[in-house]
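> For reference, the file model22.cif (mmCIF, C-alpha atoms) is included below:
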data_work
#
loop_
_atom_site.label_atom_id
_atom_site.label_comp_id
_atom_site.auth_asym_id
_atom_site.auth_seq_id
_atom_site.Cartn_x
_atom_site.Cartn_y
_atom_site.Cartn_z
CA MET W 14 -6.82 5.72 -13.17
CA THR W 15 -4.57 3.11 -14.73
CA SER W 16 -1.20 2.22 -13.23
CA VAL W 17 1.44 0.10 -14.90
CA VAL W 18 5.05 -0.67 -14.12
CA VAL W 19 7.46 -1.13 -17.01
CA VAL W 20 10.58 -3.24 -16.34
CA ILE W 21 13.59 -2.11 -18.41
CA SER W 22 17.14 -3.44 -18.21
CA ASP W 23 18.85 -0.49 -19.96
CA ARG W 24 18.99 2.79 -18.07
CA ARG W 25 19.37 4.83 -21.26
CA ARG W 26 16.14 3.38 -22.69
CA LEU W 27 14.46 4.05 -19.33
CA HIS W 28 15.29 7.74 -19.50
CA GLN W 29 14.33 7.96 -23.17
CA LEU W 30 10.93 6.43 -22.42
CA ARG W 31 10.42 8.74 -19.43
CA ASP W 32 11.23 11.80 -21.56
CA ARG W 33 8.95 10.68 -24.39
CA LEU W 34 6.11 10.10 -21.95
CA ALA W 35 6.60 13.62 -20.52
CA GLU W 36 6.26 15.07 -24.03
CA LEU W 37 2.81 13.53 -24.60
CA LYS W 38 -0.27 15.75 -24.74
CA PRO W 39 -1.79 15.27 -22.17
CA PRO W 40 1.10 13.75 -20.23
CA PRO W 41 0.49 10.86 -17.82
CA ALA W 42 -0.53 11.90 -14.32
CA ARG W 43 2.61 10.37 -12.85
CA VAL W 44 5.85 9.01 -14.30
CA LEU W 45 8.39 7.79 -11.76
CA THR W 46 11.66 5.92 -12.26
CA VAL W 47 12.66 3.39 -9.59
CA GLY W 48 15.97 1.64 -9.18
CA GLU W 49 19.65 2.20 -8.59
CA GLY W 50 20.44 5.91 -8.83
CA GLU W 51 16.74 6.75 -9.09
CA THR W 52 13.87 6.89 -6.59
CA PRO W 53 14.24 4.21 -3.86
CA LEU W 54 11.57 1.52 -3.90
CA GLU W 55 10.54 2.20 -0.28
CA GLU W 56 9.44 5.74 -1.21
CA VAL W 57 6.97 4.56 -3.87
CA GLU W 58 3.73 3.72 -2.09
CA PRO W 59 2.12 1.53 -4.81
CA LEU W 60 5.26 -0.69 -4.75
CA ASN W 61 5.63 -0.82 -0.96
CA PRO W 62 3.54 -3.54 0.75
CA ALA W 63 4.47 -2.18 4.20
CA ALA W 64 2.84 1.17 3.37
CA ALA W 65 -0.32 -0.60 2.19
CA ARG W 66 -0.36 -2.65 5.40
CA ARG W 67 -0.01 0.55 7.51
CA ARG W 68 -2.89 2.13 5.59
CA ARG W 69 -5.06 -0.97 6.17
CA GLN W 70 -4.15 -0.97 9.88
CA ARG W 71 -5.19 2.67 10.29
CA SER W 72 -8.42 2.01 8.45
CA MET W 73 -9.20 -1.02 10.62
CA ALA W 74 -8.26 0.87 13.80
CA ARG W 75 -10.80 3.58 12.96
CA TRP W 76 -13.66 1.22 13.71
CA LEU W 77 -12.08 -1.55 15.81
CA ILE W 78 -10.83 0.74 18.59
CA PRO W 79 -14.24 2.33 19.36
CA PHE W 80 -15.95 -1.04 18.91
CA GLY W 81 -13.48 -2.63 21.35
CA PHE W 82 -14.07 0.11 23.91
CA PHE W 83 -17.84 -0.31 23.82
CA ALA W 84 -17.54 -4.10 23.77
CA GLY W 85 -15.30 -4.02 26.88
CA LEU W 86 -17.64 -1.59 28.61
CA THR W 87 -20.69 -3.69 27.75
CA PHE W 88 -18.98 -6.90 28.85
CA THR W 89 -18.23 -5.52 32.31
CA TYR W 90 -21.86 -4.38 32.69
CA ILE W 91 -23.35 -7.66 31.43
CA THR W 92 -21.17 -10.04 33.42
CA ASP W 93 -21.23 -7.97 36.60
CA LEU W 94 -17.80 -9.32 37.49
CA ASP W 95 -15.83 -7.51 40.16
CA THR W 96 -12.44 -8.02 38.57
CA PHE W 97 -11.50 -4.39 39.10
CA ALA W 98 -13.46 -3.81 42.33
CA PHE W 99 -10.56 -1.86 43.83
CA ALA W 100 -11.28 0.94 41.36
CA GLY W 101 -14.91 1.51 42.33
CA ALA W 102 -18.20 0.88 40.58
CA TRP W 103 -17.81 3.31 37.67
CA SER W 104 -14.08 2.94 37.25
CA GLN W 105 -14.12 -0.82 36.85
CA HIS W 106 -16.45 -0.47 33.86
CA LEU W 107 -14.15 2.19 32.44
CA ILE W 108 -11.13 -0.10 32.89
CA GLY W 109 -13.03 -2.84 31.04
CA GLY W 110 -13.70 -0.38 28.22
CA LEU W 111 -10.03 0.63 28.08
CA LEU W 112 -8.97 -3.03 27.92
CA GLY W 113 -11.43 -3.52 25.06
CA LEU W 114 -9.97 -0.44 23.38
CA GLY W 115 -6.49 -1.97 23.62
CA SER W 116 -7.80 -5.23 22.21
CA GLY W 117 -9.31 -3.37 19.25
CA TRP W 118 -6.00 -1.63 18.65
CA MET W 119 -4.08 -4.94 18.69
CA GLY W 120 -6.76 -6.51 16.51
CA SER W 121 -6.28 -3.82 13.87
CA TYR W 122 -2.62 -4.87 13.55
CA ALA W 123 -3.52 -8.56 13.36
CA ALA W 124 -6.26 -7.95 10.79
CA ALA W 125 -4.04 -5.75 8.62
CA ALA W 126 -1.21 -8.28 8.65
CA SER W 127 -3.48 -11.20 7.78
CA VAL W 128 -4.83 -9.67 4.56
CA ARG W 129 -2.89 -10.58 1.43
CA SER W 130 -3.82 -9.42 -2.00
CA GLU W 131 -2.80 -10.59 -5.44
CA GLN W 132 -1.14 -7.19 -5.79
CA ASP W 133 1.44 -8.33 -3.20
CA ASP W 134 2.54 -11.10 -5.58
CA ARG W 135 2.93 -8.62 -8.44
CA VAL W 136 4.95 -6.26 -6.25
CA ARG W 137 7.16 -9.14 -5.08
CA SER W 138 7.97 -10.06 -8.69
CA LEU W 139 8.79 -6.40 -9.41
CA ARG W 140 11.05 -6.25 -6.35
CA ASN W 141 12.86 -9.36 -7.64
CA ARG W 142 13.38 -7.71 -11.04
CA LEU W 143 14.77 -4.64 -9.30
CA GLU W 144 17.22 -6.78 -7.30
CA GLU W 145 18.39 -8.36 -10.58
CA GLY W 146 19.64 -4.92 -11.66
CA ASN W 147 16.69 -3.73 -13.73
CA TRP W 148 14.87 -0.41 -13.45
CA LEU W 149 11.17 0.19 -13.07
CA LEU W 150 9.09 2.94 -14.59
CA LEU W 151 5.77 3.59 -12.82
CA VAL W 152 3.25 5.20 -15.19
CA GLU W 153 -0.14 6.40 -13.97
CA THR W 154 -2.74 7.99 -16.22
CA ALA W 155 -5.65 10.12 -15.08
CA ALA W 156 -9.16 8.68 -15.09
CA GLY W 157 -10.46 8.50 -18.63
CA ALA W 158 -7.03 9.01 -20.20
CA GLU W 159 -5.64 6.32 -22.44
CA MET W 160 -2.40 4.53 -21.51
CA PRO W 161 0.21 5.02 -24.29
CA TRP W 162 0.68 1.27 -24.88
CA SER W 163 2.44 1.61 -28.24
CA LEU W 164 5.02 3.99 -26.79
CA LEU W 165 5.63 1.62 -23.87
CA GLN W 166 6.15 -1.32 -26.24
CA GLN W 167 8.56 0.65 -28.44
CA ALA W 168 10.98 0.79 -25.50
CA ARG W 169 11.25 -3.05 -25.67
CA PRO W 170 10.59 -3.64 -21.96
CA GLN W 171 11.23 -6.97 -20.28
CA SER W 172 7.69 -6.85 -18.96
CA VAL W 173 4.76 -4.54 -18.32
CA VAL W 174 2.81 -5.17 -15.11
CA ARG W 175 -0.61 -3.65 -14.59
CA LEU W 176 -1.10 -2.57 -10.95
CA ALA W 177 -4.42 -0.77 -10.91
CA ASP W 178 -7.27 -0.19 -13.29
CA SER W 179 -10.20 1.95 -12.31
#
Represent the structure contained in this file as structure tokens.

Amino acid sequence: MTSVVVVISDRRRLHQLRDRLAELKPPPARVLTVGEGETPLEEVEPLNPAAARRRRQRSMARWLIPFGFFAGLTFTYITDLDTFAFAGAWSQHLIGGLLGLGSGWMGSYAAAASVRSEQDDRVRSLRNRLEEGNWLLLVETAAGAEMPWSLLQQARPQSVVRLADS
């Protein structure tokens, strides 16, 4: 799948390009207009770094939370510390596991926030263009389908930014 974002300063040309793309056979998998009076930027996942960060956090949590639980449980068995002696022999190990689980959960947030990709820089430049009063047209083609580059260039865009290519 190929994803590109076309930056256009004239709303009329934006709608003309969108309509011409919809008439193609086969049409692109997704054509979405973003900007004032169109779809808000926050609703478009490929252009929302916060959504990507949430997805990374959930992915990291899937393995860090269980790992943290077992690491906390193992640590209390290995060290034989009586930090939670008031809870009893079995319960203090369980408390250690739960503390490790919490640490894994917090670690998933820290790990997700620390990862930056070059895509974030592209999205930031697109956000700046949007704040300048331009509109964005997100075009995604299905795997194996050709991007209609000549049609995109006929609309005289300010820029065309490639987001994904697979």
> Could you please determine the separation between atom CA of Arg142 of chain W and atom CA of Ile21 of chain W in Å, to one decimal place?
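Distance between the two atoms: 9.3 Å.
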> Show which residues sit within 12 Å of Gly81 of chain W, as a PyMOL selection string. Count all atoms listed in the file, and ignore same-chain residues fewer than 6 positions away.
chain W and resi 73-75+87-88+109-121
> Set the distance at 6 Å and use all atoms listed in the file: which residues neighbour Glu153 of chain W once local chain neighbours fewer than 3 positions away are removed? I'd like the list as a ChimeraX atom specification.
/W:15-16,41-43
> Generate the output file for the selected residues, C-alpha atoms, as a PDB file, in the frame of the given file.

ATOM      1  CA  THR W  15      -4.570   3.110 -14.730  1.00  0.00           C
ATOM      2  CA  SER W  16      -1.200   2.220 -13.230  1.00  0.00           C
ATOM      3  CA  PRO W  41       0.490  10.860 -17.820  1.00  0.00           C
ATOM      4  CA  ALA W  42      -0.530  11.900 -14.320  1.00  0.00           C
ATOM      5  CA  ARG W  43       2.610  10.370 -12.850  1.00  0.00           C
TER       6      ARG W  43
END
> Tell me which of W:Ile78, W:Ala177, W:Ala98, W:Val19 sits closest to Thr154 of chain W, counting only C-alpha atoms.
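Distance minimum relative to Thr154 of chain W lands on W:Ala177.
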> Identify which of the residues W:Gly146, W:Phe82, W:Leu60, W:Leu27 lies closest to Val174 of chain W, counting all atoms listed in the file when measuring atom-to-atom distances.
W:Leu60
> Would you compute the distance between atom CA of Arg24 of chain W and atom CA of Asn141 of chain W? Give it in Å to one decimal.
17.1 Å
> Can you list, as a list in words, every protein, DNA or RNA residue that comes within 9 Å of Ser22 of chain W when you count only C-alpha atoms, leaving out same-chain residues fewer than 2 positions away?
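Final neighbour list, sorted by chain and number: Val20, Arg24, Arg26, Leu27, Gly146, Asn147, Trp148, Leu149, Pro170 and Gln171 of chain W.
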> Could you put an axis-aligned box around every listed atom of segment 153-170 of chain W, padded by 6 Å on each side, and send me its centre and edge lengths in Å to one decimal, as lines of an AutoDock Vina configuration file?

center_x = 0.4
center_y = 3.2
center_z = -21.2
size_x = 33.7
size_y = 25.8
size_z = 26.5
> Around (-11.1, -3.8, 34.9) in the file's frame, which residues reach within 10 Å when counting only C-alpha atoms? Return as a list in words?
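In the file's frame, the residues around the point are Gly85, Leu86, Thr89, Leu94, Asp95, Thr96, Phe97, Ala98, Phe99, Ala100, Gly101, Ser104, Gln105, His106, Leu107, Ile108, Gly109, Gly110, Leu111, Leu112 and Gly113 of chain W.
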> Quick check, in Å to one decimal: how far apart do atom CA of Glu56 of chain W and atom CA of Leu30 of chain W lie?
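Distance between the two atoms: 21.3 Å.
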